[in-house]
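To be precise, the following lines are my_file_28.txt, and they hold compact mmCIF, C-alpha atoms and all ligand atoms.
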# COMPACT_ATOMS: atom_id res chain seq x y z
CA MET A 1 -60.21 -43.33 -76.61
CA GLN A 2 -63.20 -45.62 -76.17
CA ASP A 3 -65.77 -45.89 -79.01
CA LYS A 4 -68.93 -44.86 -77.19
CA PRO A 5 -69.48 -41.58 -75.34
CA ARG A 6 -69.67 -41.77 -71.56
CA THR A 7 -72.03 -39.90 -69.28
CA LYS A 8 -70.86 -36.82 -67.43
CA ALA A 9 -71.36 -38.70 -64.17
CA GLU A 10 -69.04 -41.51 -65.30
CA VAL A 11 -66.41 -39.08 -66.47
CA LEU A 12 -66.64 -37.03 -63.30
CA ALA A 13 -66.42 -40.09 -61.09
CA ARG A 14 -63.13 -41.09 -62.70
CA LEU A 15 -61.79 -37.54 -62.45
CA LYS A 16 -62.72 -37.32 -58.80
CA THR A 17 -60.79 -40.50 -58.11
CA ALA A 18 -57.75 -38.91 -59.74
CA LEU A 19 -58.24 -35.72 -57.72
CA LYS A 20 -58.41 -37.75 -54.50
CA ASN A 21 -54.90 -38.93 -55.19
CA ASP A 22 -53.64 -35.35 -55.43
CA GLU A 23 -52.34 -33.73 -52.26
CA ARG A 24 -54.19 -30.56 -51.25
CA TYR A 25 -52.42 -27.43 -50.03
CA LYS A 26 -55.24 -26.75 -47.59
CA ASN A 27 -54.36 -29.91 -45.61
CA GLY A 28 -51.20 -28.06 -44.59
CA LYS A 29 -48.84 -30.96 -45.16
CA ILE A 30 -47.13 -29.63 -48.27
CA PHE A 31 -43.87 -28.02 -47.19
CA CYS A 32 -41.86 -28.71 -50.34
CA SER A 33 -43.66 -26.60 -52.94
CA MET A 34 -43.19 -23.01 -54.04
CA CYS A 35 -46.78 -22.88 -55.25
CA THR A 36 -49.80 -22.46 -53.03
CA SER A 37 -53.58 -22.46 -52.98
CA PRO A 38 -54.76 -19.27 -54.69
CA PRO A 39 -57.50 -17.24 -52.97
CA LEU A 40 -60.96 -18.54 -53.92
CA PHE A 41 -61.73 -15.30 -55.74
CA ALA A 42 -58.69 -15.81 -58.00
CA LYS A 43 -59.90 -19.31 -58.85
CA GLU A 44 -63.29 -17.89 -59.83
CA VAL A 45 -61.66 -15.23 -61.99
CA HIS A 46 -59.48 -17.93 -63.60
CA LYS A 47 -62.62 -19.76 -64.74
CA LEU A 48 -64.00 -16.61 -66.39
CA PHE A 49 -61.03 -16.41 -68.77
CA LEU A 50 -60.62 -20.07 -69.69
CA GLU A 51 -61.14 -19.46 -73.42
CA SER A 52 -58.99 -16.37 -73.75
CA ASN A 53 -55.74 -16.90 -75.61
CA LEU A 54 -52.93 -14.38 -75.27
CA GLY A 55 -51.26 -15.93 -78.26
CA ASP A 56 -53.86 -14.20 -80.42
CA LYS A 57 -53.96 -10.78 -78.84
CA ALA A 58 -56.20 -8.88 -81.23
CA LEU A 59 -58.94 -11.45 -80.61
CA PHE A 60 -58.53 -11.11 -76.87
CA SER A 61 -57.69 -7.46 -76.46
CA GLY A 62 -59.32 -7.25 -73.02
CA SER A 63 -57.07 -10.00 -71.70
CA SER A 64 -54.11 -8.48 -73.46
CA GLN A 65 -54.75 -5.21 -71.61
CA LEU A 66 -54.82 -7.13 -68.32
CA GLU A 67 -51.42 -8.63 -69.13
CA LYS A 68 -50.03 -5.16 -69.80
CA GLU A 69 -51.37 -3.97 -66.46
CA VAL A 70 -49.94 -6.94 -64.56
CA VAL A 71 -46.55 -6.34 -66.19
CA ALA A 72 -46.80 -2.65 -65.27
CA THR A 73 -47.50 -3.58 -61.64
CA LEU A 74 -44.55 -5.97 -61.56
CA ALA A 75 -42.36 -3.31 -63.17
CA GLN A 76 -43.41 -0.78 -60.56
CA LEU A 77 -42.68 -3.21 -57.71
CA LEU A 78 -39.26 -3.90 -59.19
CA HIS A 79 -38.35 -0.24 -59.90
CA GLY A 80 -38.43 -0.74 -63.65
CA LYS A 81 -39.54 2.65 -64.95
CA THR A 82 -39.06 1.61 -68.58
CA ALA A 83 -39.49 -2.14 -68.06
CA VAL A 84 -41.42 -4.29 -70.50
CA GLY A 85 -42.33 -7.95 -70.31
CA PHE A 86 -44.76 -10.83 -70.46
CA LEU A 87 -46.57 -13.35 -68.37
CA VAL A 88 -45.28 -16.76 -69.40
CA SER A 89 -45.67 -20.39 -68.44
CA GLY A 90 -43.34 -20.19 -65.45
CA GLY A 91 -39.87 -19.42 -64.23
CA THR A 92 -38.30 -21.83 -66.69
CA GLU A 93 -39.71 -20.04 -69.74
CA ALA A 94 -38.92 -16.66 -68.20
CA ASN A 95 -35.27 -17.64 -67.66
CA LEU A 96 -35.17 -19.09 -71.17
CA LEU A 97 -36.30 -15.81 -72.74
CA ALA A 98 -33.75 -13.86 -70.71
CA MET A 99 -30.94 -16.17 -71.81
CA LEU A 100 -32.08 -16.00 -75.44
CA ALA A 101 -31.96 -12.20 -75.39
CA ALA A 102 -28.57 -12.26 -73.64
CA ARG A 103 -27.11 -14.72 -76.13
CA ASP A 104 -28.39 -12.99 -79.23
CA GLN A 105 -27.32 -9.48 -78.24
CA ALA A 106 -23.72 -10.73 -78.03
CA SER A 107 -21.64 -11.61 -81.05
CA THR A 108 -19.70 -14.66 -79.87
CA GLN A 109 -20.12 -18.03 -81.56
CA THR A 110 -19.26 -19.90 -78.32
CA PRO A 111 -21.47 -18.23 -75.70
CA GLU A 112 -20.98 -18.87 -72.00
CA VAL A 113 -23.15 -17.99 -69.03
CA ILE A 114 -21.88 -17.61 -65.48
CA LEU A 115 -24.26 -19.25 -63.01
CA PRO A 116 -24.08 -19.52 -59.25
CA GLU A 117 -23.69 -23.15 -58.13
CA SER A 118 -27.11 -22.66 -56.56
CA ALA A 119 -28.80 -21.65 -59.84
CA HIS A 120 -32.15 -23.28 -60.48
CA PHE A 121 -32.04 -26.45 -62.57
CA SER A 122 -34.05 -24.71 -65.30
CA PHE A 123 -30.72 -23.20 -66.43
CA HIS A 124 -29.39 -26.69 -67.15
CA LYS A 125 -32.25 -27.25 -69.59
CA ILE A 126 -31.85 -23.77 -71.05
CA CYS A 127 -28.10 -24.12 -71.60
CA ARG A 128 -28.72 -27.36 -73.49
CA LEU A 129 -31.46 -25.81 -75.61
CA LEU A 130 -29.62 -22.59 -76.42
CA LYS A 131 -26.19 -24.19 -76.66
CA LEU A 132 -24.81 -22.00 -73.91
CA LYS A 133 -21.84 -23.24 -71.95
CA PRO A 134 -22.68 -23.07 -68.24
CA VAL A 135 -19.79 -21.89 -66.08
CA PHE A 136 -20.42 -22.31 -62.38
CA ALA A 137 -19.29 -19.81 -59.77
CA ARG A 138 -18.78 -21.11 -56.25
CA LEU A 139 -20.71 -19.92 -53.23
CA ASP A 140 -19.37 -18.21 -50.12
CA SER A 141 -19.91 -19.45 -46.55
CA ASN A 142 -23.40 -17.89 -46.57
CA PHE A 143 -24.39 -19.84 -49.69
CA ARG A 144 -24.35 -16.67 -51.82
CA VAL A 145 -22.39 -16.50 -55.04
CA ASP A 146 -18.74 -15.53 -54.60
CA THR A 147 -18.49 -12.39 -56.70
CA ASP A 148 -14.67 -12.53 -56.90
CA HIS A 149 -15.05 -15.91 -58.52
CA VAL A 150 -17.69 -14.55 -60.91
CA GLU A 151 -15.23 -11.87 -61.96
CA GLN A 152 -12.49 -14.45 -62.51
CA LEU A 153 -14.78 -16.54 -64.70
CA LEU A 154 -15.57 -13.71 -67.12
CA THR A 155 -14.21 -14.24 -70.63
CA LYS A 156 -14.83 -12.60 -74.00
CA ASN A 157 -17.48 -15.29 -74.54
CA THR A 158 -19.52 -14.45 -71.44
CA VAL A 159 -22.96 -13.38 -72.61
CA ALA A 160 -24.68 -13.32 -69.22
CA ILE A 161 -24.21 -13.42 -65.50
CA VAL A 162 -27.09 -14.87 -63.51
CA GLY A 163 -27.84 -14.03 -59.90
CA THR A 164 -30.65 -15.53 -57.84
CA ALA A 165 -32.91 -13.54 -55.56
CA GLY A 166 -34.42 -16.35 -53.56
CA SER A 167 -32.70 -19.61 -54.44
CA ALA A 168 -35.02 -22.58 -54.72
CA GLU A 169 -33.06 -24.66 -52.23
CA LEU A 170 -32.28 -22.19 -49.45
CA GLY A 171 -34.01 -18.94 -50.33
CA THR A 172 -30.68 -17.12 -50.39
CA VAL A 173 -30.23 -13.85 -52.26
CA ASP A 174 -26.97 -13.41 -54.17
CA PRO A 175 -25.15 -10.08 -53.82
CA ILE A 176 -26.89 -8.65 -56.86
CA ASP A 177 -25.55 -5.16 -56.08
CA GLN A 178 -21.99 -6.44 -56.58
CA LEU A 179 -22.96 -8.47 -59.63
CA SER A 180 -24.50 -5.31 -61.04
CA VAL A 181 -21.20 -3.45 -60.70
CA ILE A 182 -19.33 -6.31 -62.42
CA ALA A 183 -21.91 -6.56 -65.20
CA THR A 184 -21.88 -2.82 -65.84
CA LYS A 185 -18.09 -2.63 -65.85
CA ASN A 186 -17.89 -5.47 -68.37
CA ASP A 187 -21.02 -4.62 -70.35
CA VAL A 188 -22.52 -8.07 -69.78
CA HIS A 189 -26.20 -8.95 -69.42
CA LEU A 190 -27.13 -9.46 -65.75
CA HIS A 191 -30.23 -11.57 -65.30
CA VAL A 192 -31.83 -11.94 -61.89
CA ASP A 193 -33.81 -15.07 -61.26
CA ALA A 194 -36.31 -13.78 -58.71
CA ALA A 195 -38.93 -16.38 -59.64
CA PHE A 196 -39.54 -16.97 -55.95
CA GLY A 197 -38.15 -13.91 -54.16
CA GLY A 198 -39.48 -11.31 -56.59
CA LEU A 199 -42.84 -11.26 -54.84
CA VAL A 200 -41.42 -11.60 -51.33
CA LEU A 201 -38.53 -9.15 -51.12
CA PRO A 202 -40.54 -6.03 -52.12
CA PHE A 203 -42.78 -6.67 -49.13
CA ILE A 204 -40.12 -7.10 -46.45
CA GLU A 205 -38.44 -4.16 -44.79
CA TYR A 206 -34.74 -4.81 -44.47
CA ALA A 207 -32.36 -2.83 -42.32
CA ASP A 208 -29.75 -2.54 -45.07
CA ASN A 209 -29.78 -2.51 -48.85
CA THR A 210 -27.53 -5.53 -49.46
CA LEU A 211 -30.67 -7.36 -50.57
CA ASP A 212 -31.36 -4.95 -53.42
CA PHE A 213 -31.95 -7.11 -56.46
CA ASP A 214 -34.06 -5.27 -59.01
CA PHE A 215 -33.88 -2.57 -61.71
CA LYS A 216 -32.79 -0.07 -59.06
CA LEU A 217 -29.37 -1.55 -59.79
CA GLU A 218 -28.18 -0.26 -63.14
CA GLY A 219 -26.57 -3.54 -64.29
CA VAL A 220 -29.78 -5.57 -64.03
CA ARG A 221 -31.14 -6.10 -67.53
CA SER A 222 -33.81 -8.74 -66.91
CA ILE A 223 -35.74 -10.28 -64.03
CA THR A 224 -37.81 -13.44 -63.68
CA VAL A 225 -40.68 -13.02 -61.22
CA ASP A 226 -43.41 -15.62 -60.91
CA PRO A 227 -46.96 -14.80 -59.81
CA HIS A 228 -47.71 -18.54 -59.50
CA LYS A 229 -45.25 -18.81 -56.62
CA MET A 230 -45.42 -16.17 -53.88
CA GLY A 231 -47.82 -14.15 -56.02
CA MET A 232 -50.38 -16.81 -54.98
CA SER A 233 -51.85 -16.89 -58.47
CA THR A 234 -53.14 -19.82 -60.44
CA ILE A 235 -50.79 -21.87 -62.63
CA PRO A 236 -49.37 -21.03 -65.20
CA ALA A 237 -48.13 -17.57 -64.29
CA GLY A 238 -44.45 -16.89 -64.69
CA GLY A 239 -43.12 -13.44 -65.44
CA ILE A 240 -40.23 -12.00 -67.40
CA LEU A 241 -39.30 -8.33 -67.37
CA PHE A 242 -36.60 -6.55 -69.37
CA ARG A 243 -35.14 -3.18 -68.40
CA ASN A 244 -36.44 -1.64 -71.63
CA ASN A 245 -37.80 -2.60 -75.02
CA THR A 246 -34.41 -2.83 -76.77
CA TYR A 247 -34.24 -6.49 -75.72
CA LEU A 248 -37.49 -7.45 -77.39
CA LYS A 249 -36.02 -7.65 -80.87
CA TYR A 250 -34.07 -10.74 -79.78
CA LEU A 251 -37.31 -12.53 -78.90
CA GLN A 252 -39.47 -11.45 -81.79
CA THR A 253 -40.97 -14.12 -84.07
CA GLU A 254 -43.28 -13.49 -87.00
CA THR A 255 -46.72 -15.07 -86.72
CA PRO A 256 -48.15 -14.60 -90.22
CA TYR A 257 -51.60 -16.18 -89.88
CA LEU A 258 -52.58 -14.76 -86.47
CA THR A 259 -54.39 -11.54 -85.66
CA GLU A 260 -51.07 -9.98 -84.65
CA GLN A 261 -47.92 -10.37 -86.68
CA THR A 262 -45.39 -10.94 -83.90
CA GLN A 263 -44.94 -12.93 -80.72
CA TYR A 264 -42.24 -12.64 -78.08
CA THR A 265 -42.92 -15.59 -75.80
CA PHE A 266 -41.79 -19.16 -76.39
CA VAL A 267 -45.21 -20.67 -75.74
CA GLY A 268 -47.66 -19.73 -78.52
CA THR A 269 -51.16 -20.34 -77.23
CA ARG A 270 -51.14 -18.77 -73.78
CA SER A 271 -53.81 -18.89 -71.14
CA ALA A 272 -55.18 -15.52 -70.09
CA ALA A 273 -56.91 -17.20 -67.14
CA SER A 274 -53.92 -17.08 -64.81
CA VAL A 275 -53.11 -13.56 -66.01
CA ALA A 276 -56.61 -12.41 -65.02
CA ALA A 277 -56.26 -14.27 -61.72
CA THR A 278 -52.96 -12.48 -61.09
CA TRP A 279 -54.54 -9.13 -61.92
CA ALA A 280 -57.37 -9.95 -59.48
CA ILE A 281 -54.99 -10.90 -56.65
CA PHE A 282 -52.89 -7.76 -57.09
CA HIS A 283 -56.00 -5.62 -56.84
CA LEU A 284 -57.65 -7.68 -54.11
CA LEU A 285 -54.64 -7.63 -51.80
CA GLY A 286 -52.70 -4.53 -52.71
CA ARG A 287 -49.30 -3.90 -51.12
CA GLU A 288 -50.86 -4.12 -47.67
CA GLY A 289 -52.27 -7.58 -48.30
CA PHE A 290 -49.00 -8.86 -49.70
CA LYS A 291 -47.04 -7.40 -46.78
CA LYS A 292 -49.38 -9.11 -44.33
CA THR A 293 -49.10 -12.50 -46.06
CA VAL A 294 -45.31 -12.29 -46.38
CA LYS A 295 -44.99 -11.20 -42.74
CA LYS A 296 -47.00 -14.22 -41.58
CA CYS A 297 -44.88 -16.59 -43.68
CA MET A 298 -41.65 -15.04 -42.36
CA GLN A 299 -42.82 -15.22 -38.73
CA LEU A 300 -43.68 -18.90 -39.13
CA THR A 301 -40.36 -19.50 -40.87
CA MET A 302 -38.44 -17.97 -37.95
CA PHE A 303 -40.59 -19.90 -35.46
CA LEU A 304 -39.76 -23.19 -37.20
CA ALA A 305 -36.05 -22.38 -37.47
CA SER A 306 -35.76 -21.50 -33.78
CA LYS A 307 -37.70 -24.61 -32.65
CA LEU A 308 -35.49 -26.84 -34.80
CA GLU A 309 -32.36 -25.22 -33.39
CA LYS A 310 -33.62 -25.68 -29.84
CA ALA A 311 -34.29 -29.35 -30.62
CA GLY A 312 -30.63 -29.74 -31.58
CA PHE A 313 -30.86 -29.70 -35.38
CA GLU A 314 -28.29 -27.83 -37.43
CA VAL A 315 -30.11 -25.01 -39.19
CA LEU A 316 -27.94 -24.17 -42.18
CA LEU A 317 -28.48 -20.42 -42.15
CA ARG A 318 -30.74 -17.75 -40.76
CA PRO A 319 -33.58 -17.66 -43.30
CA THR A 320 -33.60 -14.69 -45.64
CA LEU A 321 -36.88 -15.75 -47.23
CA ASN A 322 -39.55 -18.24 -46.20
CA ILE A 323 -37.42 -21.38 -46.43
CA VAL A 324 -35.78 -23.29 -43.58
CA ALA A 325 -32.94 -25.73 -44.28
CA PHE A 326 -31.70 -28.07 -41.58
CA ARG A 327 -29.65 -31.21 -41.12
CA TYR A 328 -30.08 -34.39 -39.16
CA ALA A 329 -27.73 -37.36 -38.70
CA ASN A 330 -29.52 -38.92 -41.66
CA SER A 331 -31.47 -36.16 -43.37
CA LYS A 332 -32.56 -38.29 -46.31
CA MET A 333 -34.01 -40.94 -44.01
CA LEU A 334 -35.81 -38.29 -41.95
CA ALA A 335 -37.32 -36.77 -45.10
CA ASP A 336 -38.44 -40.22 -46.28
CA ASN A 337 -39.96 -41.04 -42.90
CA LEU A 338 -41.79 -37.73 -42.77
CA ARG A 339 -43.22 -38.47 -46.18
CA ARG A 340 -44.40 -41.90 -45.05
CA ARG A 341 -46.31 -40.09 -42.32
CA GLY A 342 -47.85 -37.71 -44.86
CA TRP A 343 -45.56 -34.68 -44.41
CA PHE A 344 -43.96 -33.43 -47.61
CA VAL A 345 -40.57 -31.79 -47.16
CA SER A 346 -37.67 -31.79 -49.66
CA TYR A 347 -34.37 -33.52 -49.29
CA VAL A 348 -31.56 -31.56 -51.00
CA PRO A 349 -28.78 -34.00 -51.95
CA ARG A 350 -26.30 -31.26 -52.90
CA LEU A 351 -26.36 -29.93 -49.35
CA ASP A 352 -27.48 -33.10 -47.58
CA CYS A 353 -30.23 -31.18 -45.83
CA ILE A 354 -33.99 -30.97 -45.48
CA ARG A 355 -35.73 -27.96 -46.92
CA VAL A 356 -39.06 -26.67 -45.64
CA VAL A 357 -40.90 -23.98 -47.59
CA ILE A 358 -43.44 -21.97 -45.61
CA MET A 359 -46.08 -20.81 -48.06
CA PRO A 360 -49.32 -18.88 -47.46
CA HIS A 361 -51.20 -22.18 -47.07
CA SER A 362 -48.96 -23.13 -44.11
CA LYS A 363 -50.55 -22.25 -40.79
CA ARG A 364 -49.01 -22.35 -37.32
CA ARG A 365 -50.89 -25.54 -36.45
CA HIS A 366 -49.41 -27.25 -39.51
CA VAL A 367 -45.89 -26.19 -38.57
CA VAL A 368 -46.48 -27.39 -35.00
CA GLY A 369 -47.71 -30.73 -36.40
CA LEU A 370 -44.62 -31.05 -38.58
CA LEU A 371 -42.34 -30.24 -35.62
CA ARG A 372 -44.11 -32.82 -33.48
CA CYS A 373 -43.56 -35.49 -36.11
CA ILE A 374 -39.89 -34.49 -36.54
CA ASN A 375 -39.35 -34.64 -32.77
CA GLU A 376 -41.03 -38.04 -32.54
CA LEU A 377 -38.84 -39.44 -35.30
CA GLN A 378 -35.79 -37.91 -33.61
CA ARG A 379 -36.71 -39.60 -30.31
CA GLN A 380 -37.18 -42.93 -32.06
CA ASN A 381 -33.89 -42.29 -33.81
CA VAL A 382 -35.32 -42.92 -37.27
C1 LIG B 401 -35.49 -19.64 -58.38
C2 LIG B 401 -36.32 -20.41 -59.36
N1 LIG B 401 -36.15 -20.21 -60.67
C3 LIG B 401 -36.87 -20.86 -61.60
C4 LIG B 401 -37.82 -21.79 -61.24
C5 LIG B 401 -38.61 -22.52 -62.30
O1 LIG B 401 -39.94 -22.12 -62.26
P1 LIG B 401 -41.10 -23.00 -62.95
O2 LIG B 401 -41.12 -24.30 -62.22
O3 LIG B 401 -42.30 -22.14 -62.74
O4 LIG B 401 -40.75 -23.15 -64.38
C6 LIG B 401 -38.04 -22.04 -59.87
C7 LIG B 401 -39.03 -23.03 -59.45
O5 LIG B 401 -39.20 -23.32 -58.30
C8 LIG B 401 -37.28 -21.32 -58.91
O6 LIG B 401 -37.46 -21.49 -57.61

Can the structure from this file be put into structure tokens for me?
Amino acid sequence: MQDKPRTKAEVLARLKTALKNDERYKNGKIFCSMCTSPPLFAKEVHKLFLESNLGDKALFSGSSQLEKEVVATLAQLLHGKTAVGFLVSGGTEANLLAMLAARDQASTQTPEVILPESAHFSFHKICRLLKLKPVFARLDSNFRVDTDHVEQLLTKNTVAIVGTAGSAELGTVDPIDQLSVIATKNDVHLHVDAAFGGLVLPFIEYADNTLDFDFKLEGVRSITVDPHKMGMSTIPAGGILFRNNTYLKYLQTETPYLTEQTQYTFVGTRSAASVAATWAIFHLLGREGFKKTVKKCMQLTMFLASKLEKAGFEVLLRPTLNIVAFRYANSKMLADNLRRRGWFVSYVPRLDCIRVVIMPHSKRRHVVGLLRCINELQRQNV
């Protein structure tokens, strides 16, 4: 820190330089992120609640009520009649809380968790923190977890099975219905990581019910669902829901000097700003608005996948959610070259493919621009 105060103009000038170096969603070149630009109204609402701290609920009872209402909306969307939960810092914290509850409701001293090979990397951190042994189940030819293998991996030390509803890499949805049967039969905690898909799947009409993933399935005990991803809310807005309040005792911590005596989240001081923004978006858009946004994203996703296929690229699978994964002779080099030209896609080393996420900020003209650049690089063989 410098000794003398600076003027607002000086401070702002430096901040604006920093901001210039940030990419902007509205430029339409970000195809690697699961976050997006929130509606302007949500940003305005966010500002209204900047001082409100959900870590001290009795002081901020208005904000606390908004959190309850957001959780109730999520619970309703995910068929959780008795569900309870919290808005947390993101999918990582949500998954952490689920694993903590799963571990502590079991009695083993050497807890294990069965994860699909496609599980989000947050579980690697969580397993280290909670001293859970990760046991990886292989995927089938459609990149969904092989449920026979999950069953084989069960031991007396298994405290949880995790399924993903919208994997970060490919957007695949594991057969949660089958995992639910296995979990129920073996009385094991089934956690569904729907950080991404939890606010997409409820708004898509599927012909069959093999994509069921929520509390409709009796084995599902907890779900991660993040408003700061496809919920289009401001950051930080993750969500964790439990089937009922019996799981809360595993999360409870005493908070002696605060206005309330207990907390359940890992993060103590919690922003109510993104909670209020989430509340605003849910009310502003309603189911109809979400359906419309998701439909647009899915149409663009299918458009991109079919164009890539026509251009001779190997598209790894028909997209379930708004993610396209494809391969090129040298996918890493193509991703790097796209980035040099200002287009941000992800390279996935595990699958040696490029991943493109179509978010609400992605418009048709942006996708067309990306395709043009890909085709050019393909022609130049770089
Ligand atoms: C499926 C899934 N789970 C968990 C996470 C972690 O979420 P966060 O980055 O909000 O902690 C992500 C992030 O993309 C995700 O896609």

Practice item. Check which residues fall inside 9 Å of ligand LIG 401 (chain B) when counting all atoms listed in the file, and print them as a ChimeraX atom specification. Key: /A:33-35,89-95,119-123,164-169,171,193-197,224-226,228-229,235-238

Review point. Taking all atoms listed in the file into account, which of A:Ile374, A:Cys353, A:Leu170, A:Ile114 comes nearest A:Gln152?
Key: A:Ile114

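Those residues that approach stretch 274-284 of chain A to within 8 Å, counting all atoms listed in the file, are Pro39, Phe41, Ala42, Lys43, Val45, His46, Phe49, Ser63, Leu66, Glu67, Glu69, Val70, Leu87, Pro227, Gly231, Met232, Ser233, Thr234, Ile235, Pro236, Ala237, Ser271, Arg287 and Gly289 of chain A; same-chain residues fewer than 3 positions away are not listed.
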
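Going from atom CA of A:Val345 to atom CA of A:Asn322 covers 13.6 Å.
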
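Remark: for A:Met99, the closest of the candidate residues A:Arg365, A:His189, A:Arg24, A:Lys295 is A:His189 (distances computed over only C-alpha atoms).
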
Point to revise | Atomic distance atom CA of A:Thr172 - atom CA of A:Arg144, expressed in Å with one decimal | key: 6.5 Å

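What separates atom CA of A:His366 from atom CA of A:Cys297 is a distance of 12.3 Å.
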
Might you pull out every residue within 9 Å of stretch 207-215 of chain A, with only C-alpha atoms counted and same-chain residues fewer than 4 positions away left off, and present them as a CSV table (one decimal) with C-alpha atoms, in the coordinates of the input?
chain,number,residue,atom,x,y,z
A,75,ALA,CA,-42.4,-3.3,-63.2
A,77,LEU,CA,-42.7,-3.2,-57.7
A,78,LEU,CA,-39.3,-3.9,-59.2
A,79,HIS,CA,-38.4,-0.2,-59.9
A,80,GLY,CA,-38.4,-0.7,-63.6
A,81,LYS,CA,-39.5,2.6,-65.0
A,83,ALA,CA,-39.5,-2.1,-68.1
A,163,GLY,CA,-27.8,-14.0,-59.9
A,164,THR,CA,-30.6,-15.5,-57.8
A,165,ALA,CA,-32.9,-13.5,-55.6
A,173,VAL,CA,-30.2,-13.8,-52.3
A,174,ASP,CA,-27.0,-13.4,-54.2
A,175,PRO,CA,-25.2,-10.1,-53.8
A,176,ILE,CA,-26.9,-8.6,-56.9
A,177,ASP,CA,-25.6,-5.2,-56.1
A,180,SER,CA,-24.5,-5.3,-61.0
A,192,VAL,CA,-31.8,-11.9,-61.9
A,194,ALA,CA,-36.3,-13.8,-58.7
A,198,GLY,CA,-39.5,-11.3,-56.6
A,201,LEU,CA,-38.5,-9.2,-51.1
A,219,GLY,CA,-26.6,-3.5,-64.3
A,220,VAL,CA,-29.8,-5.6,-64.0
A,221,ARG,CA,-31.1,-6.1,-67.5
A,222,SER,CA,-33.8,-8.7,-66.9
A,223,ILE,CA,-35.7,-10.3,-64.0
A,243,ARG,CA,-35.1,-3.2,-68.4

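Distances here use all atoms listed in the file; by that measure, the residue among A:Ser118, A:Asn244, A:Thr253, A:Ser141 closest to A:Glu218 is A:Asn244.
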
Review point. Which residues, written as an MDAnalysis selection string, have at least one atom at most 6 Å from stretch 267-270 of chain A, with all atoms listed in the file counted and residues fewer than 5 positions away on the same chain left out?
Key: chainID A and resid 53:55

Output the selection as a compact mmCIF listing (two decimals), in the frame of the given file - C-alpha atoms for each residue.
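Saved file selection.txt follows:
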# COMPACT_ATOMS: atom_id res chain seq x y z
CA ASN A 53 -55.74 -16.90 -75.61
CA LEU A 54 -52.93 -14.38 -75.27
CA GLY A 55 -51.26 -15.93 -78.26

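Using all atoms listed in the file, the nearest neighbour of A:Leu316 within the list A:Phe60, A:Phe143, A:Tyr347, A:Phe86 is A:Phe143.
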
Practice item. Using only C-alpha atoms, find the one residue out of A:Ser37, A:Thr158, A:Thr147, A:Ser61 that sits nearest to A:Ala106. Key: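 For A:Ala106, the nearest of the given residues is A:Thr158.
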
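Compared by their closest atoms to A:Leu100, and using all atoms listed in the file, the residues A:Thr7, A:Thr293, A:Gln299, A:Thr265 rank with A:Thr265 nearest.
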
Check your understanding: If you count only C-alpha atoms, which residues fall within 12 Å of A:Met333, apart from same-chain ones fewer than 5 positions away, as JSON, numbers by chain?
Key -> {"A": [327, 328, 338, 339, 340, 345, 346, 347, 348, 349, 352, 353, 354, 374, 377, 378, 381, 382]}

Mind listing as a CSV table (one decimal) with C-alpha atoms, in the frame of the given file all residues within 10 Å of (-35.3, -10.2, -79.2), counting all atoms listed in the file?
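What landed in selection-v5.csv:
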chain,number,residue,atom,x,y,z
A,97,LEU,CA,-36.3,-15.8,-72.7
A,98,ALA,CA,-33.8,-13.9,-70.7
A,100,LEU,CA,-32.1,-16.0,-75.4
A,101,ALA,CA,-32.0,-12.2,-75.4
A,102,ALA,CA,-28.6,-12.3,-73.6
A,103,ARG,CA,-27.1,-14.7,-76.1
A,104,ASP,CA,-28.4,-13.0,-79.2
A,105,GLN,CA,-27.3,-9.5,-78.2
A,245,ASN,CA,-37.8,-2.6,-75.0
A,246,THR,CA,-34.4,-2.8,-76.8
A,247,TYR,CA,-34.2,-6.5,-75.7
A,248,LEU,CA,-37.5,-7.4,-77.4
A,249,LYS,CA,-36.0,-7.6,-80.9
A,250,TYR,CA,-34.1,-10.7,-79.8
A,251,LEU,CA,-37.3,-12.5,-78.9
A,252,GLN,CA,-39.5,-11.4,-81.8
A,253,THR,CA,-41.0,-14.1,-84.1
A,264,TYR,CA,-42.2,-12.6,-78.1
A,265,THR,CA,-42.9,-15.6,-75.8

Practice item. Extract, using all atoms listed in the file, all DNA, RNA and protein residues at most 8 Å from A:Val200, discarding same-chain residues fewer than 5 positions from it, and format them as a VMD selection string. Key: chain A and resid 230 294 321
